[in-house]
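Asker: For reference, the file work13.tsv (TSV, C-alpha atoms) is included below:
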```tsv
chain	number	residue	atom	x	y	z
A	1	MET	CA	-0.63	38.54	14.26
A	2	ALA	CA	0.80	36.06	11.76
A	3	GLU	CA	-1.47	33.54	10.10
A	4	VAL	CA	-0.83	29.87	10.69
A	5	TYR	CA	-0.50	27.96	7.42
A	6	ASN	CA	-1.50	24.30	7.34
A	7	TYR	CA	1.05	22.42	5.24
A	8	GLN	CA	-0.88	19.16	5.46
A	9	LYS	CA	-2.75	19.77	2.18
A	10	ALA	CA	0.44	20.72	0.38
A	11	LEU	CA	2.30	17.68	1.64
A	12	LYS	CA	-0.51	15.31	0.60
A	13	GLN	CA	-0.11	16.31	-3.04
A	14	ASP	CA	1.42	13.68	-5.30
A	15	ILE	CA	5.00	14.19	-6.39
A	16	VAL	CA	4.98	14.75	-10.15
A	17	ILE	CA	8.01	14.35	-12.41
A	18	ARG	CA	7.97	16.96	-15.18
A	19	LYS	CA	11.64	17.47	-15.93
A	20	ILE	CA	14.24	14.75	-16.52
A	21	SER	CA	17.29	17.01	-16.69
A	22	GLY	CA	18.11	20.69	-17.11
A	23	ASP	CA	17.28	20.72	-20.83
A	24	MET	CA	14.93	17.69	-21.16
A	25	SER	CA	11.34	17.85	-19.99
A	26	LEU	CA	8.39	15.48	-20.36
A	27	PRO	CA	5.32	16.53	-22.36
A	28	VAL	CA	3.06	15.31	-19.51
A	29	GLY	CA	3.87	15.02	-15.81
A	30	ILE	CA	4.17	11.53	-14.32
A	31	SER	CA	3.07	10.92	-10.72
A	32	LEU	CA	5.77	9.24	-8.69
A	33	LYS	CA	3.66	6.68	-6.81
A	34	PRO	CA	2.00	5.08	-9.86
A	35	PHE	CA	5.36	5.14	-11.66
A	36	VAL	CA	7.09	3.28	-8.82
A	37	ILE	CA	4.22	0.76	-8.58
A	38	PHE	CA	4.44	0.20	-12.35
A	39	ILE	CA	8.22	-0.37	-12.27
A	40	VAL	CA	8.07	-2.71	-9.26
A	41	SER	CA	5.21	-4.73	-10.74
A	42	PHE	CA	6.98	-4.87	-14.12
A	43	LEU	CA	10.10	-6.27	-12.46
A	44	ALA	CA	8.01	-8.79	-10.47
A	45	VAL	CA	6.22	-9.92	-13.64
A	46	TYR	CA	9.56	-10.22	-15.42
A	47	LEU	CA	11.05	-12.35	-12.63
A	48	LEU	CA	7.97	-14.58	-12.34
A	49	PHE	CA	6.88	-15.02	-15.95
A	50	HIS	CA	9.94	-14.51	-18.16
A	51	ASP	CA	10.90	-18.19	-18.57
A	52	PRO	CA	7.32	-19.46	-19.18
A	53	LEU	CA	6.72	-16.64	-21.68
A	54	LYS	CA	9.97	-17.44	-23.47
A	55	ALA	CA	8.91	-21.10	-23.76
A	56	PHE	CA	5.47	-20.04	-25.05
A	57	TYR	CA	7.09	-17.69	-27.59
A	58	ARG	CA	9.25	-20.53	-28.97
A	59	VAL	CA	6.17	-22.68	-29.53
A	60	ASN	CA	3.93	-19.96	-31.01
A	61	SER	CA	5.81	-16.83	-32.08
A	62	GLY	CA	2.83	-15.02	-33.64
A	63	LEU	CA	0.68	-15.16	-30.54
A	64	GLY	CA	3.74	-14.92	-28.30
A	65	LYS	CA	4.32	-11.26	-29.24
A	66	LEU	CA	0.78	-10.36	-28.24
A	67	VAL	CA	1.09	-12.30	-24.99
A	68	TYR	CA	4.40	-10.53	-24.22
A	69	VAL	CA	2.76	-7.12	-24.61
A	70	GLY	CA	-0.30	-8.19	-22.64
A	71	VAL	CA	1.69	-9.56	-19.74
A	72	TYR	CA	4.50	-6.99	-19.55
A	73	ILE	CA	2.27	-3.94	-20.08
A	74	GLY	CA	-1.25	-5.09	-19.14
A	75	ILE	CA	-0.54	-6.60	-15.72
A	76	PRO	CA	1.48	-3.61	-14.39
A	77	ILE	CA	-1.11	-1.12	-15.71
A	78	GLY	CA	-3.86	-3.22	-14.11
A	79	LEU	CA	-2.01	-3.24	-10.80
A	80	VAL	CA	-1.52	0.54	-10.93
A	81	THR	CA	-5.24	1.01	-11.64
A	82	LEU	CA	-6.15	-1.37	-8.81
A	83	ALA	CA	-3.74	0.40	-6.44
A	84	ASN	CA	-5.35	3.76	-7.26
A	85	ARG	CA	-8.88	2.49	-6.66
A	86	LEU	CA	-8.36	0.44	-3.48
A	87	LYS	CA	-8.49	2.40	-0.24
A	88	PRO	CA	-8.34	-0.04	2.70
A	89	ASP	CA	-9.04	1.80	5.97
A	90	GLY	CA	-9.19	5.05	3.98
A	91	LEU	CA	-5.49	4.85	3.07
A	92	GLY	CA	-3.78	4.24	-0.22
A	93	LEU	CA	-2.18	0.83	-0.71
A	94	VAL	CA	1.31	2.16	-0.10
A	95	GLN	CA	0.34	3.89	3.15
A	96	TYR	CA	-1.66	0.83	4.22
A	97	GLY	CA	1.33	-1.44	3.59
A	98	VAL	CA	3.58	0.87	5.57
A	99	SER	CA	1.11	0.96	8.48
A	100	ILE	CA	0.76	-2.85	8.50
A	101	SER	CA	4.55	-3.21	8.43
A	102	ALA	CA	4.97	-0.68	11.24
A	103	PHE	CA	2.33	-2.53	13.28
A	104	GLY	CA	4.18	-5.83	12.77
A	105	VAL	CA	7.53	-4.33	13.76
A	106	LYS	CA	6.02	-2.74	16.87
A	107	LYS	CA	4.40	-6.05	17.75
A	108	ILE	CA	7.68	-7.94	17.32
A	109	LEU	CA	9.56	-5.38	19.42
A	110	SER	CA	6.77	-5.43	22.06
A	111	ARG	CA	6.11	-1.72	21.76
A	112	THR	CA	2.82	-0.02	22.59
A	113	VAL	CA	0.12	-0.64	19.99
A	114	TYR	CA	-2.50	2.01	19.22
A	115	TYR	CA	-5.93	1.48	17.64
A	116	HIS	CA	-7.94	4.63	16.85
A	117	ASP	CA	-5.74	6.69	19.19
A	118	CYS	CA	-6.31	4.28	22.10
A	119	VAL	CA	-3.62	2.09	23.67
A	120	LEU	CA	-4.38	-1.62	23.40
A	121	PRO	CA	-3.32	-3.91	26.23
A	122	THR	CA	-0.48	-6.37	25.68
A	123	GLY	CA	-1.57	-9.73	24.34
A	124	TYR	CA	-4.60	-8.32	22.51
A	125	PHE	CA	-3.90	-10.04	19.23
A	126	GLU	CA	-2.59	-13.34	20.49
A	127	ALA	CA	-4.02	-16.31	18.58
A	128	SER	CA	-5.42	-18.10	21.63
A	129	TYR	CA	-7.12	-14.96	22.94
A	130	MET	CA	-8.61	-14.05	19.59
A	131	ALA	CA	-9.81	-17.58	18.89
A	132	ASP	CA	-11.78	-17.91	22.13
A	133	THR	CA	-13.10	-14.40	22.70
A	134	VAL	CA	-14.96	-11.82	20.65
A	135	VAL	CA	-13.46	-8.39	21.35
A	136	LEU	CA	-15.18	-5.10	20.61
A	137	VAL	CA	-13.13	-1.94	21.06
A	138	GLU	CA	-15.22	1.20	21.42
A	139	ARG	CA	-14.42	4.74	22.53
A	140	GLY	CA	-15.36	5.63	26.06
A	141	ASN	CA	-17.49	8.61	27.01
A	142	ASP	CA	-14.44	10.81	27.47
A	143	GLY	CA	-13.06	9.73	24.06
A	144	LYS	CA	-9.70	8.63	25.43
A	145	LYS	CA	-10.07	5.33	27.22
A	146	PRO	CA	-11.27	2.33	25.22
A	147	LEU	CA	-14.18	0.32	26.46
A	148	VAL	CA	-13.34	-3.33	25.97
A	149	ASN	CA	-16.26	-5.70	25.74
A	150	THR	CA	-15.50	-9.42	25.68
A	151	LYS	CA	-18.22	-11.88	24.88
A	152	GLN	CA	-17.78	-15.61	25.16
```
Translate this structure into structure tokens?
Answerer:
Amino acid sequence: MAEVYNYQKALKQDIVIRKISGDMSLPVGISLKPFVIFIVSFLAVYLLFHDPLKAFYRVNSGLGKLVYVGVYIGIPIGLVTLANRLKPDGLGLVQYGVSISAFGVKKILSRTVYYHDCVLPTGYFEASYMADTVVLVERGNDGKKPLVNTKQ
């Protein structure tokens, strides 16, 4: 009988860039997720702070160089470090953002919404319902149906 191989561990591994082209390789591998977060945050910092930094550099060129390095390198590295440490709901920031976005799209399209493998009724997260009622969602005895407790 053939053994079943679980690819889940293999697919959870980070994608690492080690080779740029056929004859050029990096001395150290770079993980793809932190690299993408660094590039995106660098571009965001550039778009937000380029004009104020340019004005500051004109006024004080000696300190301006240090501020340029601190802002353009320090902030993206800080965001990469923060993204690696934060694990909301046990997910990485990228996976958490994707799940929040998917939830919003499903909500807009009025699709079925799941919470801990249980289907939530329509209108569960409406503002008026949530403002007036405390809702506790717990697993039932059989583990499939949610027990919904509302307290007023």
Asker: Distance atom CA of A:Leu53-atom CA of A:Ile37, one decimal place?
Answerer: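 So the two atoms, atom CA of A:Leu53 and atom CA of A:Ile37, lie 21.9 Å apart.
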Asker: Between A:Lys12, A:Lys106, A:Arg58, A:Arg18, which is the closest to A:Leu91 once you count only C-alpha atoms?
Answerer: A:Lys12
Asker: Just how far from atom CA of A:Gly74 is atom CA of A:His50, in Å to one decimal?
Answerer: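 Separating atom CA of A:His50 from atom CA of A:Gly74 is a distance of 14.7 Å.
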Asker: Grab the atom CA of A:Phe35 to atom CA of A:Ala83 distance for me, in Å with one decimal place.
Answerer: 11.5 Å
Asker: Give the answer as one residue: which of A:Leu63, A:Ile75, A:Ile30, A:Cys118 has the shortest atom-to-atom distance to A:Ala44, using all atoms listed in the file?
Answerer: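 Looking at the shortest contact to A:Ala44, the residue is A:Ile75.
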Asker: Looking at A:Pro76, A:Gly22, A:Gly92, A:Pro27, which one is nearest to A:Val40, with distances taken over only C-alpha atoms?
Answerer: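 Nearest to A:Val40: A:Pro76.
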